[in-house]
Amino acid sequence: MDYRLARDIMIESQVRTNDVSDLALQAAMYSVPREDFVTQDKRVFAYAEVTCPTPSGRELWKPRDFAKLAQAAKVMAGENVLIIGGGGGYSAAVFAALGGEVTILEDKRVEFNGIKSVIGPLDKPPRGLFDVIFVDGGVQRVPDAWKRSLAQGGRLCLVQFDAQAVGRLMGQATIFTKSGSSVAARVVFDAFVPPLPGFEAVAAFTL
């Protein structure tokens, strides 16, 4: 299979056609071989409009959903980027290609060349403030610790499912931006992404 050709077709048919016009992001996605981040038996599907399993157990998003949220994140060269549950590695590789100083937070050991990784609970970011926090999976619950770890002007980028939803349902890609002492949210598009386990809504007791 000609993966370079498949990558070019992905950019043309799944990225640009979905209003992802950021040329730097397009170039970064073209430079990162998606087939290197999926399990060996799924490499042929790396550029299809499907999610794919990665060796870490995480799932690779569809190109369209990742590209749209990555564009909304507006990662700039030199910015500190934290990827929650980023053990799949692809998101980290793209943001590193954009010039970000990338850290992966995972609950298991992962290793990628040139990218720092930290092992720990996903709801407890490492010390420091981040310009961008990208959550690599859909969540129902958004921990306050993620918002507290944002630098001024920092963006928390995630897909949030309805708190009443069960299973893999459509979510809303949301950007939380810190300004002063407040964090404001805006919805940027609808997305169907793999869930990030452990961030289901807490059941409330009702009579």
# chains A, B, ... in the order shown; residues from 1 in each chain; ligands from 1

$ closest_atom_pairs --of "range 63-162 of chain A" --to "range 14-19 of chain A" --cutoff "9 Å" --atoms "only C-alpha atoms" --output "Markdown table"
| residue | atom | partner | partner_atom | distance |
| --- | --- | --- | --- | --- |
| A:Pro63 | CA | A:Gln14 | CA | 6.5 |
| A:Arg64 | CA | A:Gln14 | CA | 5.4 |
| A:Asp65 | CA | A:Val15 | CA | 8.8 |
| A:Ala67 | CA | A:Val15 | CA | 6.4 |
| A:Lys68 | CA | A:Asn18 | CA | 7.6 |

$ closest_atom_pairs --of "range 64-111 of chain A" --to "range 144-168 of chain A" --cutoff "12 Å" --atoms "only C-alpha atoms" --output "CSV"
residue,atom,partner,partner_atom,distance
A:Asp65,CA,A:Val159,CA,9.6
A:Phe66,CA,A:Leu158,CA,10.2
A:Lys68,CA,A:Cys157,CA,10.8
A:Leu69,CA,A:Cys157,CA,7.1
A:Ala70,CA,A:Cys157,CA,8.2
A:Gln71,CA,A:Cys157,CA,10.3
A:Ala72,CA,A:Cys157,CA,8.0
A:Ala73,CA,A:Cys157,CA,6.3
A:Lys74,CA,A:Arg155,CA,8.6
A:Val75,CA,A:Arg155,CA,9.2
A:Met76,CA,A:Gly154,CA,11.4
A:Glu79,CA,A:Gly154,CA,9.6
A:Asn80,CA,A:Ala151,CA,9.3
A:Val81,CA,A:Arg155,CA,9.6
A:Leu82,CA,A:Leu156,CA,9.4
A:Ile83,CA,A:Cys157,CA,9.6
A:Ile84,CA,A:Trp146,CA,9.3
A:Gly85,CA,A:Leu158,CA,11.4
A:Leu105,CA,A:Trp146,CA,11.7

$ write_last_selection --atoms "all heavy atoms" --output "compact mmCIF listing (two decimals), in the first residue's frame"
# COMPACT_ATOMS: atom_id res chain seq x y z
N ASP A 65 -12.29 14.16 12.85
CA ASP A 65 -12.53 14.62 14.21
C ASP A 65 -11.25 15.15 14.86
O ASP A 65 -11.26 16.20 15.51
CB ASP A 65 -13.13 13.49 15.06
CG ASP A 65 -14.55 13.13 14.65
OD1 ASP A 65 -15.25 14.01 14.11
OD2 ASP A 65 -14.95 11.98 14.87
N PHE A 66 -10.16 14.43 14.67
CA PHE A 66 -8.90 14.90 15.24
C PHE A 66 -8.50 16.24 14.62
O PHE A 66 -8.12 17.18 15.34
CB PHE A 66 -7.77 13.89 15.04
CG PHE A 66 -6.43 14.47 15.40
CD1 PHE A 66 -6.08 14.63 16.73
CD2 PHE A 66 -5.56 14.91 14.41
CE1 PHE A 66 -4.86 15.21 17.07
CE2 PHE A 66 -4.34 15.50 14.76
CZ PHE A 66 -3.99 15.65 16.09
N LYS A 68 -10.21 18.63 13.17
CA LYS A 68 -11.05 19.77 13.53
C LYS A 68 -10.77 20.24 14.96
O LYS A 68 -10.69 21.45 15.23
CB LYS A 68 -12.53 19.44 13.35
CG LYS A 68 -12.96 19.36 11.89
CD LYS A 68 -14.43 19.01 11.74
CE LYS A 68 -15.37 20.13 12.14
NZ LYS A 68 -15.31 21.27 11.20
N LEU A 69 -10.59 19.30 15.89
CA LEU A 69 -10.30 19.71 17.26
C LEU A 69 -8.88 20.24 17.38
O LEU A 69 -8.63 21.20 18.11
CB LEU A 69 -10.53 18.55 18.24
CG LEU A 69 -10.49 18.93 19.72
CD1 LEU A 69 -11.49 20.05 20.04
CD2 LEU A 69 -10.77 17.72 20.60
N ALA A 70 -7.94 19.64 16.65
CA ALA A 70 -6.57 20.14 16.66
C ALA A 70 -6.50 21.55 16.11
O ALA A 70 -5.74 22.40 16.61
CB ALA A 70 -5.66 19.20 15.86
N GLN A 71 -7.28 21.85 15.07
CA GLN A 71 -7.30 23.21 14.53
C GLN A 71 -7.85 24.18 15.55
O GLN A 71 -7.33 25.28 15.74
CB GLN A 71 -8.12 23.26 13.24
CG GLN A 71 -8.25 24.65 12.66
CD GLN A 71 -8.88 24.66 11.28
OE1 GLN A 71 -8.20 24.79 10.28
NE2 GLN A 71 -10.19 24.51 11.23
N ALA A 72 -8.92 23.78 16.25
CA ALA A 72 -9.51 24.64 17.27
C ALA A 72 -8.56 24.87 18.44
O ALA A 72 -8.62 25.91 19.11
CB ALA A 72 -10.82 24.04 17.77
N ALA A 73 -7.66 23.92 18.69
CA ALA A 73 -6.69 24.06 19.78
C ALA A 73 -5.67 25.16 19.50
O ALA A 73 -5.12 25.76 20.42
CB ALA A 73 -5.97 22.73 20.01
N LYS A 74 -5.38 25.42 18.24
CA LYS A 74 -4.47 26.48 17.82
C LYS A 74 -3.10 26.37 18.48
O LYS A 74 -2.58 27.33 19.05
CB LYS A 74 -5.09 27.86 18.09
CG LYS A 74 -6.37 28.11 17.33
CD LYS A 74 -6.95 29.49 17.64
CE LYS A 74 -8.23 29.73 16.86
NZ LYS A 74 -8.82 31.07 17.16
N VAL A 75 -2.51 25.18 18.41
CA VAL A 75 -1.20 24.97 19.00
C VAL A 75 -0.14 25.76 18.23
O VAL A 75 -0.04 25.66 17.01
CB VAL A 75 -0.84 23.47 19.01
CG1 VAL A 75 0.60 23.27 19.47
CG2 VAL A 75 -1.80 22.70 19.91
N MET A 76 0.64 26.53 18.97
CA MET A 76 1.70 27.34 18.38
C MET A 76 3.06 26.79 18.80
O MET A 76 3.20 26.16 19.84
CB MET A 76 1.58 28.80 18.85
CG MET A 76 0.23 29.43 18.56
SD MET A 76 -0.08 29.64 16.79
CE MET A 76 1.08 30.93 16.40
N GLU A 79 4.67 26.27 22.57
CA GLU A 79 3.68 26.15 23.63
C GLU A 79 3.79 24.80 24.34
O GLU A 79 4.17 23.80 23.73
CB GLU A 79 2.27 26.31 23.06
CG GLU A 79 1.92 27.74 22.67
CD GLU A 79 0.45 27.94 22.40
OE1 GLU A 79 -0.15 27.09 21.69
OE2 GLU A 79 -0.12 28.93 22.86
N ASN A 80 3.45 24.81 25.62
CA ASN A 80 3.43 23.57 26.40
C ASN A 80 2.09 22.87 26.19
O ASN A 80 1.03 23.45 26.47
CB ASN A 80 3.62 23.87 27.89
CG ASN A 80 5.03 24.32 28.20
OD1 ASN A 80 5.98 23.80 27.65
ND2 ASN A 80 5.17 25.30 29.09
N VAL A 81 2.16 21.64 25.71
CA VAL A 81 0.96 20.87 25.38
C VAL A 81 0.93 19.60 26.22
O VAL A 81 1.90 18.84 26.24
CB VAL A 81 0.94 20.49 23.88
CG1 VAL A 81 -0.32 19.70 23.54
CG2 VAL A 81 1.04 21.74 23.01
N LEU A 82 -0.18 19.37 26.90
CA LEU A 82 -0.39 18.14 27.67
C LEU A 82 -1.47 17.33 26.99
O LEU A 82 -2.56 17.85 26.71
CB LEU A 82 -0.80 18.46 29.10
CG LEU A 82 -1.13 17.25 29.99
CD1 LEU A 82 0.12 16.41 30.25
CD2 LEU A 82 -1.75 17.71 31.32
N ILE A 83 -1.19 16.05 26.74
CA ILE A 83 -2.19 15.18 26.13
C ILE A 83 -2.62 14.15 27.16
O ILE A 83 -1.83 13.32 27.59
CB ILE A 83 -1.66 14.50 24.86
CG1 ILE A 83 -1.18 15.57 23.87
CG2 ILE A 83 -2.74 13.63 24.24
CD1 ILE A 83 -0.71 15.03 22.56
N ILE A 84 -3.88 14.24 27.56
CA ILE A 84 -4.45 13.33 28.55
C ILE A 84 -4.84 12.03 27.85
O ILE A 84 -5.61 12.04 26.89
CB ILE A 84 -5.70 13.94 29.22
CG1 ILE A 84 -5.40 15.32 29.82
CG2 ILE A 84 -6.27 12.98 30.26
CD1 ILE A 84 -4.58 15.32 31.05
N GLY A 85 -4.33 10.91 28.33
CA GLY A 85 -4.64 9.63 27.70
C GLY A 85 -4.06 9.51 26.31
O GLY A 85 -4.64 8.85 25.44
N LEU A 105 0.28 12.36 29.38
CA LEU A 105 -0.08 11.82 30.68
C LEU A 105 -0.84 10.52 30.45
O LEU A 105 -1.89 10.51 29.81
CB LEU A 105 -0.96 12.80 31.46
CG LEU A 105 -1.51 12.29 32.81
CD1 LEU A 105 -0.39 11.92 33.77
CD2 LEU A 105 -2.46 13.31 33.44

$ closest_atom_pairs --of "range 79-151 of chain A" --to "range 180-204 of chain A" --cutoff "8 Å" --atoms "only C-alpha atoms" --output "tab-separated table"
residue	atom	partner	partner_atom	distance
A:Gly85	CA	A:Leu196	CA	7.4
A:Asp136	CA	A:Leu196	CA	7.2
A:Gly137	CA	A:Leu196	CA	4.5
A:Gly138	CA	A:Pro195	CA	4.2
A:Val139	CA	A:Phe199	CA	5.3
A:Gln140	CA	A:Glu200	CA	5.1
A:Arg141	CA	A:Phe199	CA	5.2
A:Val142	CA	A:Phe199	CA	7.4
A:Lys147	CA	A:Val183	CA	7.2

$ write_last_selection --atoms "all heavy atoms" --output "mmCIF file, in the first residue's frame"
data_model
loop_
_atom_site.group_PDB
_atom_site.id
_atom_site.type_symbol
_atom_site.label_atom_id
_atom_site.label_comp_id
_atom_site.auth_asym_id
_atom_site.auth_seq_id
_atom_site.Cartn_x
_atom_site.Cartn_y
_atom_site.Cartn_z
ATOM 1 N N GLY A 85 -4.326 10.907 28.335
ATOM 2 C CA GLY A 85 -4.639 9.630 27.700
ATOM 3 C C GLY A 85 -4.064 9.509 26.312
ATOM 4 O O GLY A 85 -4.639 8.852 25.443
ATOM 5 N N ASP A 136 -7.483 12.973 24.774
ATOM 6 C CA ASP A 136 -7.502 12.050 23.637
ATOM 7 C C ASP A 136 -8.569 10.967 23.813
ATOM 8 O O ASP A 136 -8.278 9.770 23.813
ATOM 9 C CB ASP A 136 -6.125 11.415 23.460
ATOM 10 C CG ASP A 136 -5.744 11.267 21.992
ATOM 11 O OD1 ASP A 136 -6.659 11.277 21.156
ATOM 12 O OD2 ASP A 136 -4.546 11.147 21.691
ATOM 13 N N GLY A 137 -9.808 11.410 23.948
ATOM 14 C CA GLY A 137 -10.941 10.499 24.108
ATOM 15 C C GLY A 137 -12.126 11.271 24.654
ATOM 16 O O GLY A 137 -11.963 12.281 25.349
ATOM 17 N N GLY A 138 -13.326 10.805 24.351
ATOM 18 C CA GLY A 138 -14.526 11.488 24.802
ATOM 19 C C GLY A 138 -14.787 11.247 26.283
ATOM 20 O O GLY A 138 -14.539 10.161 26.805
ATOM 21 N N VAL A 139 -15.293 12.261 26.965
ATOM 22 C CA VAL A 139 -15.571 12.175 28.400
ATOM 23 C C VAL A 139 -16.959 12.722 28.699
ATOM 24 O O VAL A 139 -17.477 13.568 27.977
ATOM 25 C CB VAL A 139 -14.524 12.944 29.228
ATOM 26 C CG1 VAL A 139 -13.132 12.375 28.999
ATOM 27 C CG2 VAL A 139 -14.538 14.431 28.899
ATOM 28 N N GLN A 140 -17.543 12.228 29.769
ATOM 29 C CA GLN A 140 -18.767 12.828 30.291
ATOM 30 C C GLN A 140 -18.451 13.818 31.403
ATOM 31 O O GLN A 140 -19.145 14.812 31.579
ATOM 32 C CB GLN A 140 -19.705 11.735 30.819
ATOM 33 C CG GLN A 140 -20.309 10.851 29.740
ATOM 34 C CD GLN A 140 -21.219 9.780 30.315
ATOM 35 O OE1 GLN A 140 -20.906 9.154 31.317
ATOM 36 N NE2 GLN A 140 -22.360 9.562 29.683
ATOM 37 N N ARG A 141 -17.393 13.535 32.137
ATOM 38 C CA ARG A 141 -17.027 14.325 33.311
ATOM 39 C C ARG A 141 -15.714 15.050 33.044
ATOM 40 O O ARG A 141 -14.752 14.457 32.560
ATOM 41 C CB ARG A 141 -16.895 13.400 34.524
ATOM 42 C CG ARG A 141 -16.458 14.040 35.812
ATOM 43 C CD ARG A 141 -16.518 13.028 36.939
ATOM 44 N NE ARG A 141 -15.700 11.856 36.668
ATOM 45 C CZ ARG A 141 -14.387 11.770 36.936
ATOM 46 N NH1 ARG A 141 -13.755 12.798 37.464
ATOM 47 N NH2 ARG A 141 -13.716 10.653 36.668
ATOM 48 N N VAL A 142 -15.676 16.351 33.362
ATOM 49 C CA VAL A 142 -14.483 17.173 33.153
ATOM 50 C C VAL A 142 -13.911 17.563 34.517
ATOM 51 O O VAL A 142 -14.482 18.405 35.205
ATOM 52 C CB VAL A 142 -14.801 18.436 32.333
ATOM 53 C CG1 VAL A 142 -13.538 19.265 32.117
ATOM 54 C CG2 VAL A 142 -15.442 18.073 31.001
ATOM 55 N N LYS A 147 -8.808 22.110 34.346
ATOM 56 C CA LYS A 147 -8.963 23.554 34.150
ATOM 57 C C LYS A 147 -7.934 24.330 34.963
ATOM 58 O O LYS A 147 -7.395 25.344 34.498
ATOM 59 C CB LYS A 147 -10.379 23.984 34.532
ATOM 60 C CG LYS A 147 -11.473 23.321 33.709
ATOM 61 C CD LYS A 147 -12.857 23.698 34.222
ATOM 62 C CE LYS A 147 -13.951 22.936 33.489
ATOM 63 N NZ LYS A 147 -15.309 23.255 34.033
#

$ atom_distance --atom1 "CA of Gly89 in chain A" --atom2 "CA of Phe134 in chain A"
12.4 Å

$ closest_residue --among "A:Ala77, A:Leu23, A:Met10, A:Val32" --to "Ala48 in chain A" --atoms "only C-alpha atoms"
A:Met10

$ residues_around --residues "Ala46 in chain A" --least-positions-apart "5" --cutoff "10 Å" --atoms "only C-alpha atoms" --output "PDB file with N, CA, C and O atoms, in the first residue's frame"
ATOM      1  N   TYR A   3       1.373   4.419   1.394  1.00  0.00           N
ATOM      2  CA  TYR A   3       0.872   5.183   2.530  1.00  0.00           C
ATOM      3  C   TYR A   3       0.991   6.691   2.307  1.00  0.00           C
ATOM      4  O   TYR A   3       0.154   7.464   2.797  1.00  0.00           O
ATOM      5  N   ALA A   6      -1.988   7.569   0.374  1.00  0.00           N
ATOM      6  CA  ALA A   6      -3.162   7.486   1.254  1.00  0.00           C
ATOM      7  C   ALA A   6      -3.232   8.705   2.173  1.00  0.00           C
ATOM      8  O   ALA A   6      -4.317   9.233   2.444  1.00  0.00           O
ATOM      9  N   ARG A   7      -2.069   9.165   2.641  1.00  0.00           N
ATOM     10  CA  ARG A   7      -2.024  10.340   3.517  1.00  0.00           C
ATOM     11  C   ARG A   7      -2.471  11.581   2.760  1.00  0.00           C
ATOM     12  O   ARG A   7      -3.211  12.423   3.281  1.00  0.00           O
ATOM     13  N   MET A  10      -6.164  11.448   2.353  1.00  0.00           N
ATOM     14  CA  MET A  10      -6.801  11.768   3.621  1.00  0.00           C
ATOM     15  C   MET A  10      -6.895  13.285   3.821  1.00  0.00           C
ATOM     16  O   MET A  10      -7.951  13.812   4.207  1.00  0.00           O
ATOM     17  N   PRO A  33       3.209   9.607   9.893  1.00  0.00           N
ATOM     18  CA  PRO A  33       2.636   8.380   9.319  1.00  0.00           C
ATOM     19  C   PRO A  33       1.666   7.692  10.278  1.00  0.00           C
ATOM     20  O   PRO A  33       2.080   7.031  11.229  1.00  0.00           O
ATOM     21  N   ARG A  34       0.385   7.845  10.045  1.00  0.00           N
ATOM     22  CA  ARG A  34      -0.628   7.260  10.922  1.00  0.00           C
ATOM     23  C   ARG A  34      -0.478   5.745  11.043  1.00  0.00           C
ATOM     24  O   ARG A  34      -0.783   5.174  12.090  1.00  0.00           O
ATOM     25  N   GLU A  35       0.000   5.122   9.973  1.00  0.00           N
ATOM     26  CA  GLU A  35       0.106   3.657   9.995  1.00  0.00           C
ATOM     27  C   GLU A  35       1.076   3.167  11.067  1.00  0.00           C
ATOM     28  O   GLU A  35       1.001   2.008  11.495  1.00  0.00           O
ATOM     29  N   ASP A  36       1.976   4.031  11.526  1.00  0.00           N
ATOM     30  CA  ASP A  36       2.930   3.637  12.565  1.00  0.00           C
ATOM     31  C   ASP A  36       2.308   3.646  13.964  1.00  0.00           C
ATOM     32  O   ASP A  36       2.959   3.209  14.918  1.00  0.00           O
ATOM     33  N   PHE A  37       1.088   4.134  14.076  1.00  0.00           N
ATOM     34  CA  PHE A  37       0.474   4.287  15.393  1.00  0.00           C
ATOM     35  C   PHE A  37      -0.723   3.359  15.612  1.00  0.00           C
ATOM     36  O   PHE A  37      -1.419   3.481  16.629  1.00  0.00           O
ATOM     37  N   VAL A  38      -0.960   2.448  14.697  1.00  0.00           N
ATOM     38  CA  VAL A  38      -2.054   1.487  14.856  1.00  0.00           C
ATOM     39  C   VAL A  38      -1.468   0.082  14.951  1.00  0.00           C
ATOM     40  O   VAL A  38      -0.302  -0.145  14.637  1.00  0.00           O
ATOM     41  N   THR A  39      -2.283  -0.861  15.395  1.00  0.00           N
ATOM     42  CA  THR A  39      -1.806  -2.241  15.474  1.00  0.00           C
ATOM     43  C   THR A  39      -1.504  -2.762  14.076  1.00  0.00           C
ATOM     44  O   THR A  39      -2.091  -2.319  13.086  1.00  0.00           O
ATOM     45  N   THR A  51     -12.176   4.639  13.361  1.00  0.00           N
ATOM     46  CA  THR A  51     -11.226   4.624  14.454  1.00  0.00           C
ATOM     47  C   THR A  51     -10.427   3.323  14.376  1.00  0.00           C
ATOM     48  O   THR A  51     -10.919   2.323  13.859  1.00  0.00           O
ATOM     49  N   CYS A  52      -9.205   3.356  14.892  1.00  0.00           N
ATOM     50  CA  CYS A  52      -8.338   2.176  14.837  1.00  0.00           C
ATOM     51  C   CYS A  52      -7.674   1.951  16.188  1.00  0.00           C
ATOM     52  O   CYS A  52      -7.296   2.910  16.863  1.00  0.00           O
ATOM     53  N   PRO A  53      -7.487   0.671  16.569  1.00  0.00           N
ATOM     54  CA  PRO A  53      -6.788   0.390  17.819  1.00  0.00           C
ATOM     55  C   PRO A  53      -5.294   0.677  17.689  1.00  0.00           C
ATOM     56  O   PRO A  53      -4.718   0.542  16.609  1.00  0.00           O
ATOM     57  N   LEU A  60      -7.136   5.357  17.855  1.00  0.00           N
ATOM     58  CA  LEU A  60      -6.829   6.480  16.971  1.00  0.00           C
ATOM     59  C   LEU A  60      -8.137   7.036  16.427  1.00  0.00           C
ATOM     60  O   LEU A  60      -8.962   6.300  15.893  1.00  0.00           O
ATOM     61  N   TRP A  61      -8.330   8.356  16.581  1.00  0.00           N
ATOM     62  CA  TRP A  61      -9.557   8.991  16.104  1.00  0.00           C
ATOM     63  C   TRP A  61      -9.624   8.987  14.580  1.00  0.00           C
ATOM     64  O   TRP A  61      -8.612   8.864  13.887  1.00  0.00           O
ATOM     65  N   LYS A  62     -10.840   9.194  14.066  1.00  0.00           N
ATOM     66  CA  LYS A  62     -10.987   9.453  12.640  1.00  0.00           C
ATOM     67  C   LYS A  62     -10.243  10.743  12.301  1.00  0.00           C
ATOM     68  O   LYS A  62     -10.198  11.686  13.104  1.00  0.00           O
ATOM     69  N   PRO A  63      -9.636  10.830  11.118  1.00  0.00           N
ATOM     70  CA  PRO A  63      -8.882  12.035  10.753  1.00  0.00           C
ATOM     71  C   PRO A  63      -9.700  13.313  10.861  1.00  0.00           C
ATOM     72  O   PRO A  63      -9.195  14.339  11.333  1.00  0.00           O
TER      73      PRO A  63
END

$ select_by_dssp --residues "range 7-174 of chain A" --states "strand (DSSP E)" --output "short mmCIF file (atom, residue, chain, number, x, y, z; two decimals) with N, CA and C atoms, in the first residue's frame"
data_model
loop_
_atom_site.label_atom_id
_atom_site.label_comp_id
_atom_site.auth_asym_id
_atom_site.auth_seq_id
_atom_site.Cartn_x
_atom_site.Cartn_y
_atom_site.Cartn_z
N CYS A 52 -9.20 3.36 14.89
CA CYS A 52 -8.34 2.18 14.84
C CYS A 52 -7.67 1.95 16.19
N PRO A 53 -7.49 0.67 16.57
CA PRO A 53 -6.79 0.39 17.82
C PRO A 53 -5.29 0.68 17.69
N GLU A 59 -7.39 4.30 21.24
CA GLU A 59 -7.84 4.25 19.85
C GLU A 59 -7.47 5.53 19.11
N LEU A 60 -7.14 5.36 17.86
CA LEU A 60 -6.83 6.48 16.97
C LEU A 60 -8.14 7.04 16.43
N ASN A 80 3.45 24.81 25.62
CA ASN A 80 3.43 23.57 26.40
C ASN A 80 2.09 22.87 26.19
N VAL A 81 2.16 21.64 25.71
CA VAL A 81 0.96 20.87 25.38
C VAL A 81 0.93 19.60 26.22
N LEU A 82 -0.18 19.37 26.90
CA LEU A 82 -0.39 18.14 27.67
C LEU A 82 -1.47 17.33 26.99
N ILE A 83 -1.19 16.05 26.74
CA ILE A 83 -2.19 15.18 26.13
C ILE A 83 -2.62 14.15 27.16
N ILE A 84 -3.88 14.24 27.56
CA ILE A 84 -4.45 13.33 28.55
C ILE A 84 -4.84 12.03 27.85
N GLU A 101 5.78 21.80 22.76
CA GLU A 101 6.56 21.05 23.75
C GLU A 101 5.58 20.09 24.41
N VAL A 102 5.58 18.85 23.98
CA VAL A 102 4.49 17.92 24.28
C VAL A 102 4.83 17.00 25.45
N THR A 103 3.83 16.83 26.33
CA THR A 103 3.90 15.84 27.41
C THR A 103 2.66 14.96 27.33
N ILE A 104 2.86 13.65 27.41
CA ILE A 104 1.75 12.70 27.47
C ILE A 104 1.53 12.30 28.92
N LEU A 105 0.28 12.36 29.38
CA LEU A 105 -0.08 11.82 30.68
C LEU A 105 -0.84 10.52 30.45
N GLU A 106 -0.28 9.42 30.95
CA GLU A 106 -0.90 8.11 30.80
C GLU A 106 -0.86 7.35 32.13
N LYS A 116 7.98 13.66 25.88
CA LYS A 116 8.00 13.33 27.30
C LYS A 116 6.70 12.64 27.69
N SER A 117 6.79 11.62 28.53
CA SER A 117 5.60 10.96 29.04
C SER A 117 5.66 10.86 30.55
N VAL A 118 4.51 11.00 31.19
CA VAL A 118 4.38 10.94 32.64
C VAL A 118 3.35 9.88 32.98
N ILE A 119 3.66 9.03 33.95
CA ILE A 119 2.71 8.02 34.39
C ILE A 119 1.97 8.54 35.62
N PHE A 130 -0.15 24.61 31.48
CA PHE A 130 -0.07 24.23 30.08
C PHE A 130 -0.87 25.19 29.21
N ASP A 131 -0.32 25.48 28.04
CA ASP A 131 -1.02 26.35 27.08
C ASP A 131 -2.17 25.60 26.42
N VAL A 132 -1.99 24.32 26.21
CA VAL A 132 -3.02 23.48 25.60
C VAL A 132 -3.08 22.15 26.36
N ILE A 133 -4.29 21.75 26.74
CA ILE A 133 -4.52 20.41 27.26
C ILE A 133 -5.50 19.75 26.30
N PHE A 134 -5.06 18.66 25.69
CA PHE A 134 -5.86 17.95 24.69
C PHE A 134 -6.23 16.59 25.27
N VAL A 135 -7.52 16.30 25.35
CA VAL A 135 -7.98 15.04 25.93
C VAL A 135 -8.24 14.06 24.80
N LEU A 150 -4.43 25.03 33.39
CA LEU A 150 -4.29 25.90 32.22
C LEU A 150 -3.53 27.17 32.56
N ALA A 151 -2.62 27.56 31.67
CA ALA A 151 -1.97 28.85 31.77
C ALA A 151 -2.97 29.93 31.31
N GLN A 152 -2.63 31.19 31.54
CA GLN A 152 -3.48 32.26 31.05
C GLN A 152 -3.59 32.16 29.52
N GLY A 153 -4.82 32.19 29.04
CA GLY A 153 -5.05 32.03 27.61
C GLY A 153 -5.00 30.59 27.17
N GLY A 154 -4.82 29.68 28.13
CA GLY A 154 -4.72 28.26 27.81
C GLY A 154 -6.04 27.67 27.36
N ARG A 155 -5.95 26.60 26.55
CA ARG A 155 -7.14 25.96 25.99
C ARG A 155 -7.20 24.49 26.40
N LEU A 156 -8.31 24.10 27.00
CA LEU A 156 -8.60 22.70 27.30
C LEU A 156 -9.52 22.20 26.19
N CYS A 157 -9.06 21.21 25.43
CA CYS A 157 -9.75 20.77 24.22
C CYS A 157 -10.22 19.33 24.41
N LEU A 158 -11.51 19.11 24.29
CA LEU A 158 -12.04 17.77 24.52
C LEU A 158 -13.38 17.59 23.83
N VAL A 159 -13.81 16.33 23.79
CA VAL A 159 -15.15 16.00 23.31
C VAL A 159 -15.94 15.52 24.51
N GLN A 160 -17.05 16.20 24.78
CA GLN A 160 -17.85 15.86 25.95
C GLN A 160 -19.16 15.21 25.53
N GLY A 171 -20.77 13.31 20.62
CA GLY A 171 -20.40 14.29 21.64
C GLY A 171 -20.20 15.65 21.02
N GLN A 172 -19.89 16.62 21.86
CA GLN A 172 -19.64 17.98 21.40
C GLN A 172 -18.18 18.34 21.66
N ALA A 173 -17.46 18.66 20.60
CA ALA A 173 -16.09 19.13 20.75
C ALA A 173 -16.14 20.52 21.37
N THR A 174 -15.48 20.66 22.50
CA THR A 174 -15.58 21.87 23.32
C THR A 174 -14.20 22.39 23.66
#

$ select_by_dssp --residues "range 103-191 of chain A" --states "alpha helix (DSSP H)" --output "number ranges by chain"
A: 144-148

$ closest_residue --among "A:Lys108, A:Lys124, A:Pro143, A:Tyr47" --to "Ser13 in chain A" --atoms "only C-alpha atoms"
A:Tyr47

$ decode --residues "range 174-182 of chain A" --atoms "N, CA, C and O atoms" --output "PDB file, in the first residue's frame"
ATOM      1  N   THR A 174     -15.476  20.659  22.500  1.00  0.00           N
ATOM      2  CA  THR A 174     -15.585  21.868  23.316  1.00  0.00           C
ATOM      3  C   THR A 174     -14.200  22.392  23.661  1.00  0.00           C
ATOM      4  O   THR A 174     -13.288  21.625  23.966  1.00  0.00           O
ATOM      5  N   ILE A 175     -14.066  23.721  23.619  1.00  0.00           N
ATOM      6  CA  ILE A 175     -12.827  24.392  24.005  1.00  0.00           C
ATOM      7  C   ILE A 175     -13.101  25.219  25.259  1.00  0.00           C
ATOM      8  O   ILE A 175     -13.968  26.095  25.256  1.00  0.00           O
ATOM      9  N   PHE A 176     -12.382  24.926  26.331  1.00  0.00           N
ATOM     10  CA  PHE A 176     -12.430  25.719  27.555  1.00  0.00           C
ATOM     11  C   PHE A 176     -11.208  26.638  27.538  1.00  0.00           C
ATOM     12  O   PHE A 176     -10.071  26.160  27.448  1.00  0.00           O
ATOM     13  N   THR A 177     -11.416  27.946  27.642  1.00  0.00           N
ATOM     14  CA  THR A 177     -10.317  28.906  27.577  1.00  0.00           C
ATOM     15  C   THR A 177     -10.221  29.680  28.884  1.00  0.00           C
ATOM     16  O   THR A 177     -11.221  30.189  29.387  1.00  0.00           O
ATOM     17  N   LYS A 178      -8.997  29.766  29.424  1.00  0.00           N
ATOM     18  CA  LYS A 178      -8.793  30.475  30.681  1.00  0.00           C
ATOM     19  C   LYS A 178      -8.477  31.939  30.434  1.00  0.00           C
ATOM     20  O   LYS A 178      -7.599  32.276  29.638  1.00  0.00           O
ATOM     21  N   SER A 179      -9.214  32.806  31.139  1.00  0.00           N
ATOM     22  CA  SER A 179      -8.989  34.239  31.067  1.00  0.00           C
ATOM     23  C   SER A 179      -9.144  34.801  32.474  1.00  0.00           C
ATOM     24  O   SER A 179     -10.232  34.749  33.043  1.00  0.00           O
ATOM     25  N   GLY A 180      -8.058  35.312  33.026  1.00  0.00           N
ATOM     26  CA  GLY A 180      -8.098  35.772  34.405  1.00  0.00           C
ATOM     27  C   GLY A 180      -8.336  34.594  35.334  1.00  0.00           C
ATOM     28  O   GLY A 180      -7.645  33.582  35.267  1.00  0.00           O
ATOM     29  N   SER A 181      -9.368  34.726  36.170  1.00  0.00           N
ATOM     30  CA  SER A 181      -9.681  33.650  37.112  1.00  0.00           C
ATOM     31  C   SER A 181     -10.828  32.764  36.637  1.00  0.00           C
ATOM     32  O   SER A 181     -11.270  31.880  37.356  1.00  0.00           O
ATOM     33  N   SER A 182     -11.290  33.003  35.420  1.00  0.00           N
ATOM     34  CA  SER A 182     -12.438  32.240  34.920  1.00  0.00           C
ATOM     35  C   SER A 182     -12.051  31.383  33.723  1.00  0.00           C
ATOM     36  O   SER A 182     -11.059  31.647  33.034  1.00  0.00           O
TER      37      SER A 182
END
